[in-house]
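Engineer: model.cif is reproduced in full below (mmCIF, C-alpha atoms and all ligand atoms).
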data_upload
loop_
_atom_site.label_atom_id
_atom_site.label_comp_id
_atom_site.auth_asym_id
_atom_site.auth_seq_id
_atom_site.Cartn_x
_atom_site.Cartn_y
_atom_site.Cartn_z
CA MET A 315 -146.60 -4.50 -64.23
CA LEU A 316 -144.03 -3.14 -61.80
CA VAL A 317 -141.50 -2.91 -64.60
CA ASN A 318 -143.95 -0.93 -66.81
CA ARG A 319 -144.69 1.48 -64.00
CA TYR A 320 -140.97 2.06 -63.46
CA ILE A 321 -140.32 2.72 -67.15
CA PHE A 322 -143.31 5.08 -67.30
CA LEU A 323 -141.87 7.02 -64.37
CA MET A 324 -138.28 7.25 -65.64
CA VAL A 325 -138.73 10.83 -66.90
CA CYS A 326 -141.68 13.01 -65.95
CA GLU A 327 -142.69 16.66 -65.76
CA LEU A 328 -142.93 18.01 -62.23
CA SER A 329 -143.60 21.33 -60.48
CA ILE A 330 -141.18 22.15 -57.65
CA GLU A 331 -143.02 23.43 -54.57
CA LYS A 332 -140.14 24.31 -52.25
CA LEU A 333 -136.58 23.46 -51.25
CA VAL A 334 -136.06 21.03 -48.38
CA GLN A 335 -133.21 19.96 -46.10
CA GLY A 336 -130.30 18.79 -48.22
CA GLY A 337 -131.01 21.26 -51.04
CA GLU A 338 -133.42 19.13 -53.08
CA GLY A 339 -136.66 20.50 -54.52
CA LEU A 340 -139.90 18.94 -53.34
CA ALA A 341 -142.50 17.94 -55.94
CA ARG A 342 -145.47 15.55 -56.13
CA LEU A 343 -145.85 12.68 -58.55
CA ASN A 344 -149.24 11.96 -60.16
CA ASP A 345 -149.78 9.10 -57.72
CA GLY A 346 -149.44 11.51 -54.75
CA ARG A 347 -145.96 10.46 -53.64
CA VAL A 348 -143.42 13.11 -52.73
CA CYS A 349 -140.45 13.34 -55.08
CA PHE A 350 -137.15 14.93 -54.00
CA VAL A 351 -135.62 16.57 -57.04
CA TRP A 352 -131.90 17.30 -57.29
CA GLY A 353 -131.33 20.61 -59.09
CA GLY A 354 -134.92 21.97 -58.97
CA LEU A 355 -135.95 25.36 -57.56
CA PRO A 356 -139.31 26.49 -56.13
CA GLY A 357 -141.80 27.61 -58.79
CA GLU A 358 -140.04 25.72 -61.58
CA ARG A 359 -141.53 23.20 -63.97
CA CYS A 360 -138.90 20.59 -64.82
CA ARG A 361 -138.39 17.36 -66.69
CA VAL A 362 -137.11 15.00 -64.02
CA GLU A 363 -135.37 11.68 -64.41
CA LEU A 364 -136.37 9.41 -61.55
CA THR A 365 -133.43 7.70 -59.88
CA THR A 366 -135.19 6.06 -56.93
CA SER A 367 -138.76 4.86 -56.62
CA LYS A 368 -139.93 3.67 -53.18
CA LYS A 369 -143.37 2.96 -51.77
CA ASP A 370 -143.68 6.34 -50.02
CA PHE A 371 -141.40 8.65 -51.98
CA ALA A 372 -139.18 8.99 -55.04
CA ARG A 373 -135.99 10.79 -55.95
CA GLY A 374 -134.90 12.30 -59.23
CA ARG A 375 -132.67 14.82 -61.02
CA VAL A 376 -133.59 17.69 -63.28
CA VAL A 377 -132.76 16.94 -66.91
CA GLU A 378 -134.43 20.05 -68.36
CA VAL A 379 -135.90 23.20 -66.84
CA LEU A 380 -139.14 24.03 -68.68
CA GLU A 381 -140.18 27.07 -66.62
CA LYS A 382 -137.25 28.75 -64.91
CA SER A 383 -137.10 30.48 -61.50
CA ALA A 384 -135.75 34.05 -61.38
CA ASP A 385 -133.36 32.78 -58.66
CA ARG A 386 -131.66 30.28 -61.00
CA VAL A 387 -128.08 31.04 -62.04
CA GLN A 388 -125.53 29.25 -64.18
CA PRO A 389 -123.38 27.03 -61.88
CA ARG A 390 -119.79 28.31 -61.86
CA CYS A 391 -118.06 25.03 -61.37
CA PRO A 392 -117.33 22.63 -64.24
CA LEU A 393 -117.87 19.74 -61.80
CA TYR A 394 -121.37 20.81 -60.73
CA GLY A 395 -123.52 17.68 -60.49
CA LYS A 396 -120.47 15.41 -60.80
CA CYS A 397 -118.43 15.77 -57.61
CA GLY A 398 -120.03 15.28 -54.19
CA GLY A 399 -120.07 18.97 -53.17
CA CYS A 400 -121.74 22.32 -53.87
CA SER A 401 -125.15 21.03 -54.92
CA LEU A 402 -126.78 24.46 -54.50
CA GLN A 403 -124.77 26.34 -57.11
CA HIS A 404 -127.80 26.74 -59.36
CA LEU A 405 -129.38 29.00 -56.70
CA ASP A 406 -128.28 32.66 -56.66
CA SER A 407 -125.77 33.12 -53.79
CA ALA A 408 -127.86 36.00 -52.40
CA LYS A 409 -130.88 33.67 -52.05
CA GLN A 410 -129.06 30.85 -50.28
CA VAL A 411 -129.20 32.26 -46.74
CA PRO A 412 -132.99 32.88 -46.91
CA TYR A 413 -133.30 29.24 -48.06
CA LEU A 414 -131.14 27.99 -45.16
CA GLU A 415 -133.21 30.02 -42.72
CA ARG A 416 -136.55 28.71 -44.02
CA VAL A 417 -135.33 25.10 -43.94
CA GLU A 418 -133.92 25.51 -40.45
CA ARG A 419 -137.19 26.97 -39.18
CA GLU A 420 -139.12 24.08 -40.77
CA ASN A 421 -136.73 21.48 -39.31
CA PHE A 422 -137.13 22.89 -35.87
CA GLN A 423 -140.91 22.97 -36.16
CA ARG A 424 -141.16 19.48 -37.64
CA ILE A 425 -138.65 17.74 -35.38
CA ALA A 426 -138.68 19.72 -32.13
CA HIS A 427 -142.32 20.97 -32.43
CA GLN A 428 -141.25 24.49 -31.48
CA GLU A 429 -140.66 27.76 -33.30
CA LEU A 430 -137.32 29.50 -33.68
CA SER A 431 -137.72 33.10 -32.50
CA ALA A 432 -138.29 35.90 -35.02
CA ASP A 433 -134.80 37.31 -34.42
CA PHE A 434 -133.00 34.05 -35.36
CA LYS A 435 -130.24 35.18 -37.69
CA ILE A 436 -127.67 33.60 -39.97
CA TYR A 437 -124.24 35.17 -40.45
CA GLN A 438 -123.02 35.08 -44.05
CA ALA A 439 -119.67 34.22 -45.56
CA GLU A 440 -118.07 35.14 -48.89
CA PRO A 441 -119.87 33.02 -51.50
CA TRP A 442 -116.70 31.78 -53.26
CA GLY A 443 -113.06 31.10 -52.40
CA TYR A 444 -113.78 30.43 -48.73
CA ARG A 445 -113.06 26.76 -48.16
CA ASN A 446 -109.74 26.17 -46.40
CA ARG A 447 -109.98 22.39 -46.05
CA ALA A 448 -110.42 19.72 -48.72
CA ARG A 449 -109.99 16.01 -49.27
CA VAL A 450 -108.71 15.09 -52.73
CA VAL A 451 -107.65 11.91 -54.48
CA TYR A 452 -104.23 11.72 -56.17
CA LEU A 453 -104.64 10.69 -59.83
CA GLY A 454 -101.02 10.63 -60.98
CA GLU A 455 -98.72 13.09 -62.67
CA ARG A 456 -98.81 14.74 -66.07
CA ASP A 457 -96.17 17.15 -67.46
CA GLY A 458 -94.44 17.22 -64.07
CA ARG A 459 -97.62 18.32 -62.20
CA CYS A 460 -99.89 16.31 -59.95
CA ARG A 461 -103.49 15.68 -60.95
CA PHE A 462 -106.15 15.42 -58.28
CA GLY A 463 -109.81 14.47 -58.14
CA PHE A 464 -112.85 14.67 -55.87
CA ARG A 465 -115.07 11.78 -54.94
CA LYS A 466 -118.13 11.64 -57.18
CA GLN A 467 -121.65 12.25 -56.01
CA GLU A 468 -123.26 9.09 -54.59
CA SER A 469 -120.45 6.78 -55.65
CA ASN A 470 -116.89 5.95 -54.79
CA GLY A 471 -115.65 7.00 -58.22
CA VAL A 472 -113.41 10.01 -58.74
CA VAL A 473 -113.78 13.02 -60.98
CA ALA A 474 -110.69 15.04 -61.99
CA ILE A 475 -110.53 18.61 -60.66
CA GLU A 476 -110.07 21.37 -63.21
CA ASN A 477 -110.79 24.26 -60.93
CA CYS A 478 -112.84 24.38 -57.73
CA PRO A 479 -114.23 27.90 -57.13
CA VAL A 480 -115.13 27.45 -53.45
CA LEU A 481 -111.56 26.63 -52.43
CA THR A 482 -109.28 29.37 -51.06
CA SER A 483 -106.70 30.67 -53.53
CA GLY A 484 -104.05 28.92 -51.40
CA LEU A 485 -105.66 25.51 -51.98
CA SER A 486 -106.28 26.22 -55.68
CA ASP A 487 -102.61 27.16 -56.15
CA PHE A 488 -101.54 24.03 -54.32
CA LEU A 489 -103.67 21.85 -56.62
CA LYS A 490 -102.24 23.57 -59.72
CA ASN A 491 -98.57 23.53 -58.72
CA ALA A 492 -98.04 20.44 -56.53
CA LYS A 493 -95.18 18.16 -57.57
CA ALA A 494 -95.28 14.47 -56.69
CA SER A 495 -91.53 14.41 -56.02
CA GLU A 496 -92.05 16.89 -53.16
CA ILE A 497 -95.36 15.69 -51.75
CA PHE A 498 -94.53 12.00 -51.75
CA LYS A 499 -90.83 12.34 -50.88
CA GLY A 500 -89.70 9.28 -48.93
CA LEU A 501 -92.60 7.10 -50.09
CA LYS A 502 -91.52 3.87 -51.84
CA ARG A 503 -94.76 3.42 -53.78
CA ILE A 504 -97.77 5.70 -54.16
CA PRO A 505 -100.92 3.63 -53.63
CA LYS A 506 -103.73 3.96 -56.18
CA ASP A 507 -106.47 6.45 -55.26
CA LEU A 508 -104.46 7.81 -52.35
CA GLU A 509 -106.47 10.47 -50.50
CA LEU A 510 -104.88 13.70 -49.26
CA ASN A 511 -106.27 16.02 -46.62
CA LEU A 512 -105.36 19.62 -47.44
CA PHE A 513 -105.47 22.50 -45.00
CA ASP A 514 -104.83 26.17 -45.78
CA ASP A 515 -103.78 27.95 -42.58
CA GLY A 516 -105.20 31.28 -43.79
CA ALA A 517 -101.74 32.80 -44.17
CA GLY A 518 -100.74 31.22 -47.46
CA ARG A 519 -99.32 27.89 -46.29
CA VAL A 520 -100.98 24.59 -47.20
CA ALA A 521 -100.45 21.59 -44.95
CA TYR A 522 -101.25 18.11 -46.25
CA TYR A 523 -101.54 14.61 -44.93
CA TYR A 524 -101.96 11.19 -46.52
CA ARG A 525 -102.01 7.74 -44.99
CA GLY A 526 -98.53 6.28 -45.01
CA MET A 527 -96.75 9.66 -44.88
CA PRO A 528 -93.25 9.00 -43.49
CA GLU A 529 -93.17 9.98 -39.79
CA SER A 530 -90.03 12.01 -40.46
CA ARG A 531 -92.04 14.36 -42.73
CA ARG A 532 -95.11 14.70 -40.53
CA GLN A 533 -94.15 17.81 -38.61
CA GLU A 534 -92.96 19.67 -41.71
CA CYS A 535 -95.88 18.72 -43.98
CA SER A 536 -99.05 18.19 -41.98
CA VAL A 537 -98.79 20.42 -38.90
CA SER A 538 -99.84 24.06 -39.07
CA THR A 539 -100.65 26.99 -36.80
CA VAL A 540 -103.76 29.01 -37.45
CA LYS A 541 -103.97 32.57 -36.20
CA MET A 542 -107.46 33.00 -34.81
CA CYS A 543 -108.72 35.85 -32.61
CA ASP A 544 -105.17 36.75 -31.49
CA LYS A 545 -104.20 33.17 -30.64
CA GLY A 546 -102.17 30.59 -32.49
CA ILE A 547 -103.93 27.22 -32.70
CA VAL A 548 -101.78 24.25 -33.70
CA SER A 549 -103.44 21.47 -35.68
CA ASP A 550 -102.67 18.61 -38.02
CA ALA A 551 -104.18 18.17 -41.50
CA SER A 552 -105.33 14.66 -40.56
CA VAL A 553 -107.77 15.81 -37.85
CA PHE A 554 -110.85 18.01 -37.73
CA PHE A 555 -110.61 21.77 -38.07
CA GLN A 556 -113.31 24.23 -39.14
CA SER A 557 -113.31 24.84 -42.89
CA ASN A 558 -114.30 28.49 -43.13
CA LEU A 559 -111.61 30.50 -41.36
CA SER A 560 -113.11 33.83 -42.50
CA LEU A 561 -116.43 33.35 -40.70
CA LEU A 562 -115.02 31.38 -37.76
CA PRO A 563 -114.20 34.54 -35.70
CA ARG A 564 -117.94 35.36 -35.72
CA LEU A 565 -118.76 31.93 -34.24
CA VAL A 566 -116.02 32.44 -31.63
CA GLU A 567 -117.54 35.82 -30.77
CA SER A 568 -121.02 34.29 -30.36
CA VAL A 569 -119.65 31.47 -28.17
CA ARG A 570 -117.75 33.99 -26.01
CA GLU A 571 -120.88 36.14 -25.64
CA ALA A 572 -122.92 33.08 -24.67
CA VAL A 573 -120.31 32.02 -22.09
CA ASP A 574 -120.15 35.52 -20.58
CA GLU A 575 -123.96 35.74 -20.41
CA GLY A 576 -124.10 32.40 -18.60
CA ILE A 577 -121.49 33.39 -16.04
CA ALA A 578 -123.01 36.86 -15.50
CA SER A 579 -126.48 35.37 -14.95
CA GLY A 580 -125.20 32.75 -12.48
CA ALA A 581 -126.70 29.89 -14.55
CA ALA A 582 -123.15 28.71 -15.39
CA SER A 583 -119.87 29.33 -13.60
CA ASP A 584 -116.29 30.31 -14.30
CA GLU A 585 -115.14 27.47 -12.01
CA TRP A 586 -115.03 24.83 -14.72
CA LEU A 587 -115.21 24.78 -18.54
CA ILE A 588 -115.97 21.40 -20.08
CA ASP A 589 -115.35 21.29 -23.85
CA LEU A 590 -116.76 18.01 -25.19
CA PHE A 591 -115.88 16.86 -28.76
CA SER A 592 -113.06 19.36 -28.42
CA GLY A 593 -110.89 18.47 -31.44
CA VAL A 594 -107.55 20.20 -30.85
CA GLY A 595 -109.11 22.20 -28.00
CA PHE A 596 -110.28 25.01 -30.26
CA PHE A 597 -113.12 26.48 -28.18
CA ALA A 598 -111.33 25.87 -24.86
CA ALA A 599 -108.33 27.81 -26.20
CA MET A 600 -110.60 30.67 -27.29
CA LEU A 601 -112.07 30.79 -23.76
CA GLN A 602 -109.19 29.79 -21.54
CA ASP A 603 -108.60 33.14 -19.86
CA ARG A 604 -112.16 33.09 -18.44
CA PHE A 605 -111.93 29.85 -16.38
CA LYS A 606 -110.23 28.46 -13.29
CA ARG A 607 -110.36 24.88 -14.49
CA ILE A 608 -110.66 23.45 -18.03
CA THR A 609 -111.38 19.93 -19.28
CA THR A 610 -111.28 19.02 -22.97
CA VAL A 611 -112.61 15.63 -24.12
CA GLU A 612 -111.99 14.23 -27.60
CA ARG A 613 -112.02 10.72 -29.05
CA GLU A 614 -109.33 11.12 -31.74
CA PRO A 615 -105.99 10.38 -29.98
CA LEU A 616 -103.85 12.71 -32.12
CA CYS A 617 -106.01 15.69 -31.10
CA LEU A 618 -104.87 15.19 -27.50
CA LYS A 619 -101.30 16.13 -28.40
CA TYR A 620 -102.40 19.43 -29.93
CA ALA A 621 -105.06 20.18 -27.30
CA LYS A 622 -102.22 20.03 -24.75
CA VAL A 623 -100.13 22.44 -26.84
CA ASN A 624 -103.07 24.79 -27.45
CA LEU A 625 -104.02 24.97 -23.76
CA SER A 626 -100.49 25.09 -22.41
CA GLY A 627 -100.30 28.88 -22.18
CA ASN A 628 -103.30 29.08 -19.88
CA LYS A 629 -102.49 31.76 -17.34
CA GLY A 630 -106.02 32.03 -15.91
CA ALA A 631 -106.83 28.38 -15.22
CA ALA A 632 -105.43 26.66 -12.16
CA GLU A 633 -105.95 23.28 -13.71
CA THR A 634 -106.16 22.01 -17.30
CA GLU A 635 -107.00 18.43 -18.17
CA ASN A 636 -107.00 17.11 -21.75
CA VAL A 637 -108.71 13.76 -22.06
CA SER A 638 -108.60 11.31 -24.96
CA ALA A 639 -111.87 9.37 -24.68
CA PRO A 640 -115.38 9.20 -26.12
CA ALA A 641 -117.43 12.00 -24.54
CA GLU A 642 -120.15 9.55 -23.43
CA GLU A 643 -117.54 7.45 -21.60
CA TRP A 644 -116.04 10.47 -19.87
CA LEU A 645 -119.50 11.66 -18.81
CA ALA A 646 -120.34 8.21 -17.41
CA LYS A 647 -117.18 8.19 -15.28
CA ASN A 648 -117.10 11.81 -14.11
CA VAL A 649 -119.68 13.50 -11.95
CA VAL A 650 -120.42 17.03 -13.05
CA ASP A 651 -121.79 18.36 -9.77
CA LYS A 652 -121.06 22.07 -10.22
CA PRO A 653 -122.88 24.62 -12.42
CA ALA A 654 -120.00 24.25 -14.89
CA THR A 655 -119.94 25.85 -18.34
CA LEU A 656 -120.44 23.14 -20.95
CA ILE A 657 -119.77 23.31 -24.70
CA VAL A 658 -120.60 20.41 -26.99
CA ASP A 659 -119.64 20.33 -30.69
CA PRO A 660 -120.41 16.79 -31.88
CA PRO A 661 -120.06 15.42 -35.43
CA ARG A 662 -123.02 15.34 -37.86
CA THR A 663 -124.58 12.41 -36.03
CA GLY A 664 -125.28 14.63 -33.00
CA LEU A 665 -124.90 13.66 -29.35
CA PRO A 666 -124.64 9.97 -28.54
CA PRO A 667 -127.79 9.15 -26.49
CA GLU A 668 -125.67 8.18 -23.44
CA ALA A 669 -123.93 11.57 -23.52
CA LEU A 670 -127.23 13.42 -23.76
CA SER A 671 -128.80 11.59 -20.82
CA ALA A 672 -125.64 12.04 -18.70
CA ILE A 673 -125.79 15.81 -19.33
CA VAL A 674 -129.48 15.88 -18.40
CA LYS A 675 -128.73 14.00 -15.14
CA SER A 676 -125.76 16.26 -14.25
CA SER A 677 -125.99 19.59 -12.49
CA VAL A 678 -125.26 21.46 -15.73
CA ASN A 679 -128.04 24.01 -16.13
CA ARG A 680 -126.80 25.75 -19.24
CA LEU A 681 -125.01 24.45 -22.31
CA ILE A 682 -123.73 25.77 -25.61
CA TYR A 683 -124.41 23.35 -28.45
CA VAL A 684 -122.44 23.97 -31.69
CA SER A 685 -123.68 21.79 -34.54
CA CYS A 686 -122.94 21.17 -38.21
CA ASP A 687 -126.26 19.37 -38.73
CA PRO A 688 -129.50 21.22 -37.97
CA VAL A 689 -131.51 17.96 -38.13
CA THR A 690 -129.63 16.13 -35.38
CA LEU A 691 -129.48 19.40 -33.43
CA ALA A 692 -133.29 19.68 -33.56
CA ARG A 693 -133.59 15.99 -32.59
CA ASP A 694 -131.28 16.47 -29.58
CA PHE A 695 -132.98 19.72 -28.64
CA ALA A 696 -136.34 17.91 -28.47
CA LYS A 697 -134.82 15.54 -25.88
CA PHE A 698 -133.28 18.40 -23.87
CA SER A 699 -136.61 20.22 -24.02
CA ALA A 700 -138.42 17.17 -22.61
CA ALA A 701 -135.91 17.28 -19.73
CA GLY A 702 -136.73 20.92 -18.91
CA PHE A 703 -134.22 22.85 -21.05
CA ALA A 704 -135.38 25.86 -23.09
CA LEU A 705 -133.75 27.50 -26.08
CA LYS A 706 -132.21 30.83 -24.99
CA ARG A 707 -130.30 31.78 -28.11
CA ALA A 708 -130.03 30.42 -31.66
CA GLU A 709 -127.68 31.63 -34.39
CA GLY A 710 -126.68 30.23 -37.76
CA PHE A 711 -123.37 30.52 -39.59
CA ALA A 712 -123.40 29.98 -43.36
CA PHE A 713 -119.94 28.40 -43.38
CA TYR A 714 -120.49 26.50 -46.63
CA PRO A 715 -121.97 28.69 -49.43
CA GLN A 716 -123.10 26.79 -52.56
CA THR A 717 -123.99 23.82 -50.35
CA PRO A 718 -127.11 23.16 -48.26
CA HIS A 719 -125.05 22.85 -45.05
CA LEU A 720 -125.36 25.19 -42.09
CA GLU A 721 -123.44 25.55 -38.83
CA MET A 722 -125.56 26.37 -35.78
CA MET A 723 -125.11 27.52 -32.21
CA PHE A 724 -127.84 26.93 -29.63
CA VAL A 725 -127.74 28.02 -26.00
CA LEU A 726 -129.96 25.87 -23.78
CA ALA A 727 -130.80 26.47 -20.15
CA ARG A 728 -133.16 25.12 -17.48
C1 LIG B 801 -117.31 18.92 -35.29
S1 LIG B 801 -115.78 18.40 -34.65
C2 LIG B 801 -115.49 19.66 -33.44
C3 LIG B 801 -114.07 19.84 -32.99
C4 LIG B 801 -113.75 21.14 -32.24
N1 LIG B 801 -114.77 21.53 -31.31
C5 LIG B 801 -113.42 22.26 -33.19
O1 LIG B 801 -114.22 23.21 -33.33
O2 LIG B 801 -112.36 22.21 -33.83
C6 LIG B 801 -116.25 17.00 -33.73
C7 LIG B 801 -115.12 16.31 -33.02
O3 LIG B 801 -115.69 15.28 -32.21
C8 LIG B 801 -114.83 14.14 -32.24
N2 LIG B 801 -115.69 12.99 -31.85
C9 LIG B 801 -116.56 12.27 -32.58
N3 LIG B 801 -117.23 11.41 -31.80
C10 LIG B 801 -116.79 11.59 -30.53
C11 LIG B 801 -117.12 11.01 -29.28
N4 LIG B 801 -118.05 10.06 -29.18
N5 LIG B 801 -116.49 11.47 -28.19
C12 LIG B 801 -115.54 12.44 -28.27
N6 LIG B 801 -115.18 13.01 -29.43
C13 LIG B 801 -115.81 12.60 -30.56
C14 LIG B 801 -114.29 14.13 -33.66
O4 LIG B 801 -113.06 13.41 -33.70
C15 LIG B 801 -114.12 15.63 -33.93
O5 LIG B 801 -112.83 16.07 -33.57
#
For this file, produce the structure as structure tokens.

Structural biologist:
Amino acid sequence: MLVNRYIFLMVCELSIEKLVQGGEGLARLNDGRVCFVWGGLPGERCRVELTTSKKDFARGRVVEVLEKSADRVQPRCPLYGKCGGCSLQHLDSAKQVPYLERVERENFQRIAHQELSADFKIYQAEPWGYRNRARVVYLGERDGRCRFGFRKQESNGVVAIENCPVLTSGLSDFLKNAKASEIFKGLKRIPKDLELNLFDDGAGRVAYYYRGMPESRRQECSVSTVKMCDKGIVSDASVFFQSNLSLLPRLVESVREAVDEGIASGAASDEWLIDLFSGVGFFAAMLQDRFKRITTVEREPLCLKYAKVNLSGNKGAAETENVSAPAEEWLAKNVVDKPATLIVDPPRTGLPPEALSAIVKSSVNRLIYVSCDPVTLARDFAKFSAAGFALKRAEGFAFYPQTPHLEMMFVLAR
């Protein structure tokens, strides 16, 4: 019986009601269950192949569009639907920001039970050629040139890259022209499926890193300096850095405005900046001339080296401390008993619960929360809200066109 039901449901005709978090279309099956449909747009009627069937919901992919939305466009990339990225390419670039805004408003309502204000805005990036960071898999050499691939969608397999239209021209040129004899110089054997992190510094130079890179080549190959808002930020291709350098200055501007507002209002102070999940000290470096004391906290040990370099020219601050530790551990050991200025920029998983409760218990009355996942941001906001914090400012940054991802900045105060 179960088997028959599954076969019956393998392909069915569905009407897509709306787009939801993650870029899937939402439809209803005949039995009332919700079905998340990869590749469907609101208002469309599609033939959908079901890929997952659970008690409460199902998942599927569009195999044929029967009634097409006016917002549907031909995906530009030959790897659309095959590699793990850019799942929103079938939606007109001009319609992607309105989609991100609607989903973000719904997330906030559903998870935090509050409304984002009417003036919530999302800053837009160039729709193509923006991505300055990529992880690729080395697939061997043909005719003296390296071949690379991306990880496939929902599997560990690899699909060969022909041309990736969201990458910067610097990264595309690197992928076309790279020679194994240069990249892997000094390596005795190239392991199968070796992954490379690539980083375009925005000025035409591509840094790269792979596990096992000879230490003697590290400085030359994987370290780069990014010019950002009149500062040089040193980083390494193996650690985190933002992947849309064109829109990043707008986020820096918003963070600076939020910091200045906090200090001017007296809710935060210029005595102490605490930059948690600081990476190579990016935000602290952008703000260093405003503070007397700066602490950066980051778990990845290599970031410490570069945070020190990036904060070393601090003329304004009397004291700079770069800590290599989990943020939750640092918060547990250090009493924040001043109205310090706090910035948090955690990974997709959001704030570890211990970090969140330590912030709530501290004397921090205002914080700037930068997030790459609106769902965990809304979840964490709900906890801050229960502890008396209110949302003072919310802005979005469409760092990743053609994907359903959105960068956010919230300012919270109590
Ligand atoms: C989204 S990145 C932000 C980095 C930095 N703010 C920037 O803009 O370049 C998050 C960073 O948090 C670090 N991280 C993850 N979990 C952490 C933890 N529990 N404590 C401290 N750092 C953590 C990651 O290594 C990563 O560098």

Engineer: I need every residue sitting at most 10 Å from the point (-131.5, 30.2, -46.0) (coordinates as in the file, all atoms listed in the file considered), written as a list in words.

Structural biologist: Leu333, Ala408, Lys409, Gln410, Val411, Pro412, Tyr413, Leu414, Glu415, Arg416, Val417, Glu418, Arg419, Lys435, Ile436, Gln438, Gly710, Ala712, Pro718, His719 and Leu720 of chain A

Engineer: Excluding Thr366 in chain A and residues on its chain fewer than 2 positions from it, collect all residues at most 12 Å away from it, counting all atoms listed in the file, and give them as a list in words.

Structural biologist: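 Contacts, in chain order: Tyr320, Ile321, Leu323, Met324, Val325, Val348, Cys349, Phe350, Val351, Trp352, Val362, Glu363, Leu364, Lys368, Lys369, Asp370, Phe371, Ala372, Arg373, Gly374 and Arg375 of chain A.
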
Engineer: Limited to C-alpha atoms, could you put the picked residues into a file as an mmCIF file, keeping the file's coordinate frame?

Structural biologist:
data_model
loop_
_atom_site.group_PDB
_atom_site.id
_atom_site.type_symbol
_atom_site.label_atom_id
_atom_site.label_comp_id
_atom_site.auth_asym_id
_atom_site.auth_seq_id
_atom_site.Cartn_x
_atom_site.Cartn_y
_atom_site.Cartn_z
ATOM 1 C CA TYR A 320 -140.970 2.060 -63.460
ATOM 2 C CA ILE A 321 -140.320 2.720 -67.150
ATOM 3 C CA LEU A 323 -141.870 7.020 -64.370
ATOM 4 C CA MET A 324 -138.280 7.250 -65.640
ATOM 5 C CA VAL A 325 -138.730 10.830 -66.900
ATOM 6 C CA VAL A 348 -143.420 13.110 -52.730
ATOM 7 C CA CYS A 349 -140.450 13.340 -55.080
ATOM 8 C CA PHE A 350 -137.150 14.930 -54.000
ATOM 9 C CA VAL A 351 -135.620 16.570 -57.040
ATOM 10 C CA TRP A 352 -131.900 17.300 -57.290
ATOM 11 C CA VAL A 362 -137.110 15.000 -64.020
ATOM 12 C CA GLU A 363 -135.370 11.680 -64.410
ATOM 13 C CA LEU A 364 -136.370 9.410 -61.550
ATOM 14 C CA LYS A 368 -139.930 3.670 -53.180
ATOM 15 C CA LYS A 369 -143.370 2.960 -51.770
ATOM 16 C CA ASP A 370 -143.680 6.340 -50.020
ATOM 17 C CA PHE A 371 -141.400 8.650 -51.980
ATOM 18 C CA ALA A 372 -139.180 8.990 -55.040
ATOM 19 C CA ARG A 373 -135.990 10.790 -55.950
ATOM 20 C CA GLY A 374 -134.900 12.300 -59.230
ATOM 21 C CA ARG A 375 -132.670 14.820 -61.020
#

Engineer: Quick one: residues within 8 Å of range 474-476 of chain A, all atoms listed in the file, excluding same-chain residues fewer than 5 positions away - as an MDAnalysis selection string?

Structural biologist: chainID A and resid 392:393 453 461:464

Engineer: Return as JSON, numbers by chain the residues of protein, DNA or RNA that approach ligand LIG 801 (chain B) to within 8 Å, with all atoms listed in the file taken into account.

Structural biologist: {"A": [553, 554, 555, 556, 589, 590, 591, 592, 593, 594, 595, 596, 597, 611, 612, 613, 614, 617, 638, 639, 640, 641, 642, 643, 658, 659, 660, 661, 662, 665, 666, 685, 686]}

Engineer: If I take CA of Glu455 in chain A and CA of Lys493 in chain A, how far is one from the other in Å, to one decimal?

Structural biologist: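 CA of Lys493 in chain A lies at a distance of 8.0 Å from CA of Glu455 in chain A.
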
Engineer: Using all atoms listed in the file, find the one residue out of A:Phe713, A:Tyr394, A:Tyr524, A:Phe434 that sits nearest to Phe422 in chain A.

Structural biologist: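 Looking at the shortest contact to Phe422 in chain A, the residue is A:Phe434.
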
Engineer: Record the distance separating CA of Leu656 in chain A and CA of Arg728 in chain A, expressed in Å with one decimal.

Structural biologist: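 Between CA of Leu656 in chain A and CA of Arg728 in chain A the gap works out to 13.3 Å.
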
Engineer: Would you kindly identify which residues have an atom no farther than 10 Å from (-101.8, 7.0, -55.7), using all atoms listed in the file and the file's own coordinates, and write them out as a PyMOL selection string?

Structural biologist: chain A and resi 451-455+462+494+498+503-510

Engineer: What gap, in Å, lies between CA of Arg570 in chain A and CA of Leu601 in chain A?

Structural biologist: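 So the two atoms, CA of Arg570 in chain A and CA of Leu601 in chain A, lie 6.9 Å apart.
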
Engineer: Restricting the calculation to only C-alpha atoms, which member of A:Arg449, A:Lys541, A:Arg604, A:Arg386 is positioned closest to Ile577 in chain A?

Structural biologist: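 The answer is A:Arg604, which sits nearest to Ile577 in chain A.
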
Engineer: Would you please work out which residue, of A:Pro389, A:Gly546, A:Gly398, A:Gly484, is nearest to Leu625 in chain A when using only C-alpha atoms?

Structural biologist: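 For Leu625 in chain A, the nearest of the candidates is A:Gly546.
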
Engineer: If we count only C-alpha atoms and set the cut-off at 10 Å, which residues sit around Glu534 in chain A, ignoring sequence neighbours fewer than 5 positions away in its own chain? Please answer as a ChimeraX atom specification.

Structural biologist: /A:521-522,529

Engineer: Output C-alpha atoms for every residue in that selection, as a PDB file, in the frame of the given file.

Structural biologist:
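Writing done, so here's result07.pdb:
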ATOM      1  CA  ALA A 521    -100.450  21.590 -44.950  1.00  0.00           C
ATOM      2  CA  TYR A 522    -101.250  18.110 -46.250  1.00  0.00           C
ATOM      3  CA  GLU A 529     -93.170   9.980 -39.790  1.00  0.00           C
TER       4      GLU A 529
END
